[in-house]
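Okay, start.txt is below, compact mmCIF, N, CA and C atoms:
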# COMPACT_ATOMS: atom_id res chain seq x y z
N MET X 1 9.16 -1.54 -10.35
CA MET X 1 8.38 -1.31 -9.15
C MET X 1 7.28 -0.30 -9.48
N SER X 2 6.06 -0.66 -9.13
CA SER X 2 4.93 0.22 -9.42
C SER X 2 4.96 1.46 -8.53
N LYS X 3 4.25 2.49 -8.97
CA LYS X 3 4.16 3.72 -8.17
C LYS X 3 3.54 3.44 -6.81
N THR X 4 2.53 2.58 -6.81
CA THR X 4 1.86 2.24 -5.55
C THR X 4 2.84 1.57 -4.60
N LEU X 5 3.60 0.61 -5.08
CA LEU X 5 4.57 -0.08 -4.23
C LEU X 5 5.62 0.90 -3.72
N LYS X 6 6.08 1.79 -4.59
CA LYS X 6 7.09 2.77 -4.16
C LYS X 6 6.58 3.61 -3.00
N LYS X 7 5.33 4.07 -3.08
CA LYS X 7 4.75 4.89 -2.01
C LYS X 7 4.56 4.07 -0.73
N ILE X 8 4.20 2.80 -0.87
CA ILE X 8 4.05 1.94 0.30
C ILE X 8 5.40 1.73 0.96
N VAL X 9 6.43 1.49 0.17
CA VAL X 9 7.79 1.31 0.70
C VAL X 9 8.21 2.54 1.49
N ILE X 10 7.98 3.72 0.93
CA ILE X 10 8.33 4.97 1.62
C ILE X 10 7.61 5.04 2.96
N GLY X 11 6.32 4.75 2.95
CA GLY X 11 5.54 4.80 4.19
C GLY X 11 6.02 3.79 5.23
N ILE X 12 6.30 2.58 4.80
CA ILE X 12 6.76 1.56 5.73
C ILE X 12 8.11 1.97 6.33
N GLN X 13 8.99 2.51 5.51
CA GLN X 13 10.29 2.94 6.03
C GLN X 13 10.15 4.11 7.01
N GLU X 14 9.18 4.99 6.77
CA GLU X 14 8.96 6.12 7.69
C GLU X 14 8.30 5.66 8.99
N ILE X 15 7.29 4.82 8.89
CA ILE X 15 6.53 4.38 10.05
C ILE X 15 7.32 3.37 10.88
N PHE X 16 8.08 2.53 10.21
CA PHE X 16 8.80 1.45 10.86
C PHE X 16 10.30 1.56 10.57
N PRO X 17 10.97 2.53 11.18
CA PRO X 17 12.40 2.72 10.89
C PRO X 17 13.25 1.49 11.24
N GLU X 18 12.73 0.64 12.12
CA GLU X 18 13.47 -0.57 12.47
C GLU X 18 13.58 -1.55 11.30
N MET X 19 12.84 -1.28 10.23
CA MET X 19 12.95 -2.10 9.01
C MET X 19 14.33 -1.92 8.38
N GLY X 20 14.94 -0.77 8.64
CA GLY X 20 16.25 -0.50 8.05
C GLY X 20 16.18 -0.56 6.54
N SER X 21 17.12 -1.25 5.97
CA SER X 21 17.17 -1.35 4.51
C SER X 21 16.56 -2.65 4.00
N ALA X 22 15.77 -3.32 4.83
CA ALA X 22 15.13 -4.57 4.40
C ALA X 22 14.27 -4.31 3.18
N GLU X 23 14.31 -5.24 2.25
CA GLU X 23 13.54 -5.08 1.01
C GLU X 23 12.06 -5.32 1.27
N VAL X 24 11.24 -4.43 0.76
CA VAL X 24 9.79 -4.56 0.84
C VAL X 24 9.32 -4.99 -0.54
N THR X 25 8.72 -6.17 -0.62
CA THR X 25 8.26 -6.72 -1.89
C THR X 25 6.77 -7.01 -1.81
N PRO X 26 6.12 -7.22 -2.94
CA PRO X 26 4.70 -7.57 -2.92
C PRO X 26 4.41 -8.87 -2.15
N GLU X 27 5.39 -9.76 -2.06
CA GLU X 27 5.21 -11.05 -1.38
C GLU X 27 5.36 -10.94 0.14
N MET X 28 5.88 -9.83 0.60
CA MET X 28 6.15 -9.66 2.04
C MET X 28 4.86 -9.64 2.85
N LEU X 29 4.87 -10.42 3.94
CA LEU X 29 3.73 -10.43 4.86
C LEU X 29 3.87 -9.26 5.84
N LEU X 30 2.75 -8.72 6.26
CA LEU X 30 2.81 -7.64 7.26
C LEU X 30 3.47 -8.12 8.54
N SER X 31 3.34 -9.40 8.85
CA SER X 31 3.97 -9.95 10.06
C SER X 31 5.50 -9.88 10.01
N GLU X 32 6.06 -9.64 8.84
CA GLU X 32 7.51 -9.52 8.70
C GLU X 32 8.01 -8.13 9.12
N ILE X 33 7.09 -7.21 9.34
CA ILE X 33 7.47 -5.89 9.83
C ILE X 33 7.75 -6.03 11.32
N PRO X 34 8.95 -5.62 11.76
CA PRO X 34 9.27 -5.75 13.19
C PRO X 34 8.22 -5.06 14.07
N GLU X 35 7.86 -5.74 15.13
CA GLU X 35 6.91 -5.23 16.12
C GLU X 35 5.52 -4.98 15.53
N TRP X 36 5.12 -5.78 14.52
CA TRP X 36 3.79 -5.63 13.93
C TRP X 36 2.74 -5.96 14.99
N ASP X 37 1.81 -5.06 15.20
CA ASP X 37 0.71 -5.27 16.12
C ASP X 37 -0.46 -4.39 15.70
N SER X 38 -1.48 -4.29 16.53
CA SER X 38 -2.67 -3.52 16.15
C SER X 38 -2.38 -2.03 16.01
N ILE X 39 -1.46 -1.51 16.82
CA ILE X 39 -1.09 -0.09 16.70
C ILE X 39 -0.38 0.14 15.38
N ALA X 40 0.50 -0.78 15.01
CA ALA X 40 1.20 -0.68 13.73
C ALA X 40 0.20 -0.71 12.58
N ALA X 41 -0.83 -1.56 12.71
CA ALA X 41 -1.86 -1.64 11.67
C ALA X 41 -2.60 -0.31 11.52
N VAL X 42 -2.92 0.33 12.63
CA VAL X 42 -3.61 1.63 12.59
C VAL X 42 -2.71 2.68 11.95
N ASN X 43 -1.42 2.66 12.32
CA ASN X 43 -0.48 3.62 11.73
C ASN X 43 -0.37 3.44 10.22
N LEU X 44 -0.30 2.19 9.78
CA LEU X 44 -0.22 1.92 8.34
C LEU X 44 -1.54 2.31 7.67
N GLN X 45 -2.66 2.00 8.29
CA GLN X 45 -3.97 2.35 7.74
C GLN X 45 -4.07 3.86 7.54
N THR X 46 -3.61 4.63 8.51
CA THR X 46 -3.65 6.09 8.43
C THR X 46 -2.78 6.58 7.28
N TYR X 47 -1.57 6.05 7.18
CA TYR X 47 -0.67 6.44 6.08
C TYR X 47 -1.31 6.13 4.73
N LEU X 48 -1.89 4.95 4.58
CA LEU X 48 -2.49 4.56 3.30
C LEU X 48 -3.66 5.46 2.95
N LYS X 49 -4.48 5.81 3.95
CA LYS X 49 -5.62 6.69 3.68
C LYS X 49 -5.14 8.08 3.27
N GLU X 50 -4.13 8.62 3.97
CA GLU X 50 -3.62 9.95 3.64
C GLU X 50 -2.92 9.96 2.28
N THR X 51 -2.26 8.88 1.93
CA THR X 51 -1.48 8.82 0.70
C THR X 51 -2.32 8.48 -0.52
N PHE X 52 -3.24 7.52 -0.35
CA PHE X 52 -3.99 7.02 -1.51
C PHE X 52 -5.47 7.39 -1.48
N GLY X 53 -5.95 7.93 -0.35
CA GLY X 53 -7.36 8.29 -0.25
C GLY X 53 -8.29 7.10 -0.17
N VAL X 54 -7.73 5.95 0.23
CA VAL X 54 -8.52 4.71 0.33
C VAL X 54 -8.41 4.21 1.77
N GLU X 55 -9.57 3.98 2.39
CA GLU X 55 -9.55 3.44 3.74
C GLU X 55 -9.58 1.93 3.68
N ILE X 56 -8.52 1.32 4.14
CA ILE X 56 -8.43 -0.13 4.15
C ILE X 56 -8.89 -0.60 5.54
N PRO X 57 -9.90 -1.47 5.58
CA PRO X 57 -10.39 -1.94 6.88
C PRO X 57 -9.27 -2.63 7.67
N LEU X 58 -9.30 -2.43 8.98
CA LEU X 58 -8.26 -3.02 9.82
C LEU X 58 -8.25 -4.54 9.76
N ASP X 59 -9.41 -5.16 9.52
CA ASP X 59 -9.41 -6.62 9.45
C ASP X 59 -8.61 -7.14 8.25
N ILE X 60 -8.38 -6.30 7.26
CA ILE X 60 -7.55 -6.69 6.12
C ILE X 60 -6.07 -6.51 6.46
N LEU X 61 -5.76 -5.57 7.32
CA LEU X 61 -4.36 -5.30 7.69
C LEU X 61 -3.93 -6.22 8.83
N ASN X 62 -3.91 -7.52 8.56
CA ASN X 62 -3.49 -8.48 9.59
C ASN X 62 -2.16 -9.11 9.20
N GLU X 63 -1.60 -9.89 10.09
CA GLU X 63 -0.25 -10.41 9.86
C GLU X 63 -0.13 -11.35 8.67
N GLU X 64 -1.23 -11.87 8.16
CA GLU X 64 -1.17 -12.77 7.02
C GLU X 64 -1.39 -12.07 5.68
N THR X 65 -1.60 -10.76 5.73
CA THR X 65 -1.79 -9.97 4.52
C THR X 65 -0.44 -9.64 3.89
N THR X 66 -0.39 -9.70 2.57
CA THR X 66 0.85 -9.34 1.88
C THR X 66 0.76 -7.90 1.39
N ILE X 67 1.92 -7.34 1.10
CA ILE X 67 1.97 -6.00 0.52
C ILE X 67 1.24 -6.02 -0.83
N GLY X 68 1.37 -7.09 -1.57
CA GLY X 68 0.69 -7.22 -2.86
C GLY X 68 -0.82 -7.14 -2.73
N GLU X 69 -1.36 -7.74 -1.67
CA GLU X 69 -2.81 -7.67 -1.44
C GLU X 69 -3.24 -6.24 -1.12
N ILE X 70 -2.41 -5.52 -0.40
CA ILE X 70 -2.70 -4.11 -0.11
C ILE X 70 -2.68 -3.31 -1.40
N ILE X 71 -1.71 -3.56 -2.26
CA ILE X 71 -1.63 -2.87 -3.55
C ILE X 71 -2.89 -3.15 -4.36
N THR X 72 -3.31 -4.41 -4.40
CA THR X 72 -4.52 -4.78 -5.14
C THR X 72 -5.72 -4.03 -4.60
N PHE X 73 -5.85 -3.96 -3.29
CA PHE X 73 -6.98 -3.26 -2.69
C PHE X 73 -6.96 -1.78 -3.02
N ILE X 74 -5.78 -1.16 -2.97
CA ILE X 74 -5.65 0.27 -3.27
C ILE X 74 -6.04 0.54 -4.73
N GLU X 75 -5.55 -0.30 -5.63
CA GLU X 75 -5.79 -0.09 -7.05
C GLU X 75 -7.19 -0.53 -7.49
N ASN X 76 -7.81 -1.41 -6.72
CA ASN X 76 -9.17 -1.88 -7.04
C ASN X 76 -9.86 -2.27 -5.73
N PRO X 77 -10.41 -1.29 -5.01
CA PRO X 77 -10.98 -1.56 -3.68
C PRO X 77 -12.07 -2.64 -3.66
N ASN X 78 -12.70 -2.91 -4.77
CA ASN X 78 -13.75 -3.93 -4.79
C ASN X 78 -13.20 -5.35 -4.96
N SER X 79 -11.87 -5.46 -5.11
CA SER X 79 -11.28 -6.77 -5.38
C SER X 79 -11.17 -7.66 -4.15
N ILE X 80 -11.20 -7.08 -2.97
CA ILE X 80 -11.05 -7.85 -1.76
C ILE X 80 -12.35 -7.78 -0.97
N LYS X 81 -12.86 -8.93 -0.65
CA LYS X 81 -14.09 -8.99 0.15
C LYS X 81 -13.71 -8.95 1.62
N HIS X 82 -14.44 -8.17 2.38
CA HIS X 82 -14.19 -8.12 3.83
C HIS X 82 -15.48 -8.14 4.61
Do you think you could lay out the structure here as structure tokens?
Amino acid sequence: MSKTLKKIVIGIQEIFPEMGSAEVTPEMLLSEIPEWDSIAAVNLQTYLKETFGVEIPLDILNEETTIGEIITFIENPNSIKH
């Protein structure tokens, strides 16, 4: 597990305690997070900015986005067109 994924897992578990012990993988869709909505997207966006110093546009943080795509954007912000 990459360092980036580990930090994302920590954040998801803190922000979304209802995830319980569900496994967070790069293939996981954001829609798989219980109660995923626009407020959840803002909360995740804030965590990612504070943790990685990268602002991910909200239009990227939609229910069809995978954790892997977020990792790619964090590690190479120019890789995703928005």
(request) Using only N, CA and C atoms, determine which residues lie at most 8 Å from Phe16 in chain X, disregarding the query and same-chain residues fewer than 4 positions distant; provide the list as a ChimeraX atom specification. (result) /X:10-12,20,33-34
(request) Could you please determine the separation between CA of Phe52 in chain X and CA of Glu18 in chain X in Å, to one decimal place? (result) 23.6 Å
Which residues in chain X does DSSP call alpha helix (DSSP H)? List them as a PDB file with N, CA and C atoms, in the frame of the given file.
ATOM      1  N   LYS X   3       4.250   2.490  -8.970  1.00  0.00           N
ATOM      2  CA  LYS X   3       4.160   3.720  -8.170  1.00  0.00           C
ATOM      3  C   LYS X   3       3.540   3.440  -6.810  1.00  0.00           C
ATOM      4  N   THR X   4       2.530   2.580  -6.810  1.00  0.00           N
ATOM      5  CA  THR X   4       1.860   2.240  -5.550  1.00  0.00           C
ATOM      6  C   THR X   4       2.840   1.570  -4.600  1.00  0.00           C
ATOM      7  N   LEU X   5       3.600   0.610  -5.080  1.00  0.00           N
ATOM      8  CA  LEU X   5       4.570  -0.080  -4.230  1.00  0.00           C
ATOM      9  C   LEU X   5       5.620   0.900  -3.720  1.00  0.00           C
ATOM     10  N   LYS X   6       6.080   1.790  -4.590  1.00  0.00           N
ATOM     11  CA  LYS X   6       7.090   2.770  -4.160  1.00  0.00           C
ATOM     12  C   LYS X   6       6.580   3.610  -3.000  1.00  0.00           C
ATOM     13  N   LYS X   7       5.330   4.070  -3.080  1.00  0.00           N
ATOM     14  CA  LYS X   7       4.750   4.890  -2.010  1.00  0.00           C
ATOM     15  C   LYS X   7       4.560   4.070  -0.730  1.00  0.00           C
ATOM     16  N   ILE X   8       4.200   2.800  -0.870  1.00  0.00           N
ATOM     17  CA  ILE X   8       4.050   1.940   0.300  1.00  0.00           C
ATOM     18  C   ILE X   8       5.400   1.730   0.960  1.00  0.00           C
ATOM     19  N   VAL X   9       6.430   1.490   0.170  1.00  0.00           N
ATOM     20  CA  VAL X   9       7.790   1.310   0.700  1.00  0.00           C
ATOM     21  C   VAL X   9       8.210   2.540   1.490  1.00  0.00           C
ATOM     22  N   ILE X  10       7.980   3.720   0.930  1.00  0.00           N
ATOM     23  CA  ILE X  10       8.330   4.970   1.620  1.00  0.00           C
ATOM     24  C   ILE X  10       7.610   5.040   2.960  1.00  0.00           C
ATOM     25  N   GLY X  11       6.320   4.750   2.950  1.00  0.00           N
ATOM     26  CA  GLY X  11       5.540   4.800   4.190  1.00  0.00           C
ATOM     27  C   GLY X  11       6.020   3.790   5.230  1.00  0.00           C
ATOM     28  N   ILE X  12       6.300   2.580   4.800  1.00  0.00           N
ATOM     29  CA  ILE X  12       6.760   1.560   5.730  1.00  0.00           C
ATOM     30  C   ILE X  12       8.110   1.970   6.330  1.00  0.00           C
ATOM     31  N   GLN X  13       8.990   2.510   5.510  1.00  0.00           N
ATOM     32  CA  GLN X  13      10.290   2.940   6.030  1.00  0.00           C
ATOM     33  C   GLN X  13      10.150   4.110   7.010  1.00  0.00           C
ATOM     34  N   GLU X  14       9.180   4.990   6.770  1.00  0.00           N
ATOM     35  CA  GLU X  14       8.960   6.120   7.690  1.00  0.00           C
ATOM     36  C   GLU X  14       8.300   5.660   8.990  1.00  0.00           C
ATOM     37  N   ILE X  15       7.290   4.820   8.890  1.00  0.00           N
ATOM     38  CA  ILE X  15       6.530   4.380  10.050  1.00  0.00           C
ATOM     39  C   ILE X  15       7.320   3.370  10.880  1.00  0.00           C
ATOM     40  N   SER X  38      -1.480  -4.290  16.530  1.00  0.00           N
ATOM     41  CA  SER X  38      -2.670  -3.520  16.150  1.00  0.00           C
ATOM     42  C   SER X  38      -2.380  -2.030  16.010  1.00  0.00           C
ATOM     43  N   ILE X  39      -1.460  -1.510  16.820  1.00  0.00           N
ATOM     44  CA  ILE X  39      -1.090  -0.090  16.700  1.00  0.00           C
ATOM     45  C   ILE X  39      -0.380   0.140  15.380  1.00  0.00           C
ATOM     46  N   ALA X  40       0.500  -0.780  15.010  1.00  0.00           N
ATOM     47  CA  ALA X  40       1.200  -0.680  13.730  1.00  0.00           C
ATOM     48  C   ALA X  40       0.200  -0.710  12.580  1.00  0.00           C
ATOM     49  N   ALA X  41      -0.830  -1.560  12.710  1.00  0.00           N
ATOM     50  CA  ALA X  41      -1.860  -1.640  11.670  1.00  0.00           C
ATOM     51  C   ALA X  41      -2.600  -0.310  11.520  1.00  0.00           C
ATOM     52  N   VAL X  42      -2.920   0.330  12.630  1.00  0.00           N
ATOM     53  CA  VAL X  42      -3.610   1.630  12.590  1.00  0.00           C
ATOM     54  C   VAL X  42      -2.710   2.680  11.950  1.00  0.00           C
ATOM     55  N   ASN X  43      -1.420   2.660  12.320  1.00  0.00           N
ATOM     56  CA  ASN X  43      -0.480   3.620  11.730  1.00  0.00           C
ATOM     57  C   ASN X  43      -0.370   3.440  10.220  1.00  0.00           C
ATOM     58  N   LEU X  44      -0.300   2.190   9.780  1.00  0.00           N
ATOM     59  CA  LEU X  44      -0.220   1.920   8.340  1.00  0.00           C
ATOM     60  C   LEU X  44      -1.540   2.310   7.670  1.00  0.00           C
ATOM     61  N   GLN X  45      -2.660   2.000   8.290  1.00  0.00           N
ATOM     62  CA  GLN X  45      -3.970   2.350   7.740  1.00  0.00           C
ATOM     63  C   GLN X  45      -4.070   3.860   7.540  1.00  0.00           C
ATOM     64  N   THR X  46      -3.610   4.630   8.510  1.00  0.00           N
ATOM     65  CA  THR X  46      -3.650   6.090   8.430  1.00  0.00           C
ATOM     66  C   THR X  46      -2.780   6.580   7.280  1.00  0.00           C
ATOM     67  N   TYR X  47      -1.570   6.050   7.180  1.00  0.00           N
ATOM     68  CA  TYR X  47      -0.670   6.440   6.080  1.00  0.00           C
ATOM     69  C   TYR X  47      -1.310   6.130   4.730  1.00  0.00           C
ATOM     70  N   LEU X  48      -1.890   4.950   4.580  1.00  0.00           N
ATOM     71  CA  LEU X  48      -2.490   4.560   3.300  1.00  0.00           C
ATOM     72  C   LEU X  48      -3.660   5.460   2.950  1.00  0.00           C
ATOM     73  N   LYS X  49      -4.480   5.810   3.950  1.00  0.00           N
ATOM     74  CA  LYS X  49      -5.620   6.690   3.680  1.00  0.00           C
ATOM     75  C   LYS X  49      -5.140   8.080   3.270  1.00  0.00           C
ATOM     76  N   GLU X  50      -4.130   8.620   3.970  1.00  0.00           N
ATOM     77  CA  GLU X  50      -3.620   9.950   3.640  1.00  0.00           C
ATOM     78  C   GLU X  50      -2.920   9.960   2.280  1.00  0.00           C
ATOM     79  N   THR X  51      -2.260   8.880   1.930  1.00  0.00           N
ATOM     80  CA  THR X  51      -1.480   8.820   0.700  1.00  0.00           C
ATOM     81  C   THR X  51      -2.320   8.480  -0.520  1.00  0.00           C
ATOM     82  N   PHE X  52      -3.240   7.520  -0.350  1.00  0.00           N
ATOM     83  CA  PHE X  52      -3.990   7.020  -1.510  1.00  0.00           C
ATOM     84  C   PHE X  52      -5.470   7.390  -1.480  1.00  0.00           C
ATOM     85  N   ILE X  67       1.920  -7.340   1.100  1.00  0.00           N
ATOM     86  CA  ILE X  67       1.970  -6.000   0.520  1.00  0.00           C
ATOM     87  C   ILE X  67       1.240  -6.020  -0.830  1.00  0.00           C
ATOM     88  N   GLY X  68       1.370  -7.090  -1.570  1.00  0.00           N
ATOM     89  CA  GLY X  68       0.690  -7.220  -2.860  1.00  0.00           C
ATOM     90  C   GLY X  68      -0.820  -7.140  -2.730  1.00  0.00           C
ATOM     91  N   GLU X  69      -1.360  -7.740  -1.670  1.00  0.00           N
ATOM     92  CA  GLU X  69      -2.810  -7.670  -1.440  1.00  0.00           C
ATOM     93  C   GLU X  69      -3.240  -6.240  -1.120  1.00  0.00           C
ATOM     94  N   ILE X  70      -2.410  -5.520  -0.400  1.00  0.00           N
ATOM     95  CA  ILE X  70      -2.700  -4.110  -0.110  1.00  0.00           C
ATOM     96  C   ILE X  70      -2.680  -3.310  -1.400  1.00  0.00           C
ATOM     97  N   ILE X  71      -1.710  -3.560  -2.260  1.00  0.00           N
ATOM     98  CA  ILE X  71      -1.630  -2.870  -3.550  1.00  0.00           C
ATOM     99  C   ILE X  71      -2.890  -3.150  -4.360  1.00  0.00           C
ATOM    100  N   THR X  72      -3.310  -4.410  -4.400  1.00  0.00           N
ATOM    101  CA  THR X  72      -4.520  -4.780  -5.140  1.00  0.00           C
ATOM    102  C   THR X  72      -5.720  -4.030  -4.600  1.00  0.00           C
ATOM    103  N   PHE X  73      -5.850  -3.960  -3.290  1.00  0.00           N
ATOM    104  CA  PHE X  73      -6.980  -3.260  -2.690  1.00  0.00           C
ATOM    105  C   PHE X  73      -6.960  -1.780  -3.020  1.00  0.00           C
ATOM    106  N   ILE X  74      -5.780  -1.160  -2.970  1.00  0.00           N
ATOM    107  CA  ILE X  74      -5.650   0.270  -3.270  1.00  0.00           C
ATOM    108  C   ILE X  74      -6.040   0.540  -4.730  1.00  0.00           C
ATOM    109  N   GLU X  75      -5.550  -0.300  -5.630  1.00  0.00           N
ATOM    110  CA  GLU X  75      -5.790  -0.090  -7.050  1.00  0.00           C
ATOM    111  C   GLU X  75      -7.190  -0.530  -7.490  1.00  0.00           C
TER     112      GLU X  75
END
(request) Between X:Ile74, X:Met1, X:Val9, X:Ile15, single out the one closest to Ala40 in chain X, counting only N, CA and C atoms. (result) X:Ile15
(message) So the first atom is CA of Glu63 in chain X and the second is CA of Lys7 in chain X; what is the distance between them in Å, to one decimal place?
(response) 20.0 Å
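Our summary of the geometry notes that CA of Ile67 in chain X is positioned 5.8 Å from CA of Met28 in chain X.
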Find the axis-aligned box for range 28-37 of chain X, covering all its listed atoms and adding 5 Å on each side, and write its centre and edge lengths in Å to one decimal as lines of an AutoDock Vina configuration file.
center_x = 4.4
center_y = -7.4
center_z = 8.4
size_x = 19.7
size_y = 16.0
size_z = 25.5
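Of the residues listed (X:Thr51, X:Gln13, X:Ser21, X:Asn62), X:Asn62 shows the shortest atom-to-atom separation from Asp37 in chain X; distances use only N, CA and C atoms.
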(request) Compare X:Gln45, X:Thr66, X:Thr72, X:Asn78 by their minimum atom-to-atom distance to Leu29 in chain X, counting all atoms listed in the file, and give me the closest one. (result) X:Thr66
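Checking X:Ile60, X:Phe73, X:Gly68, X:Gly53 one by one against Val24 in chain X, counting only C-alpha atoms, you find the shortest gap at X:Gly68.
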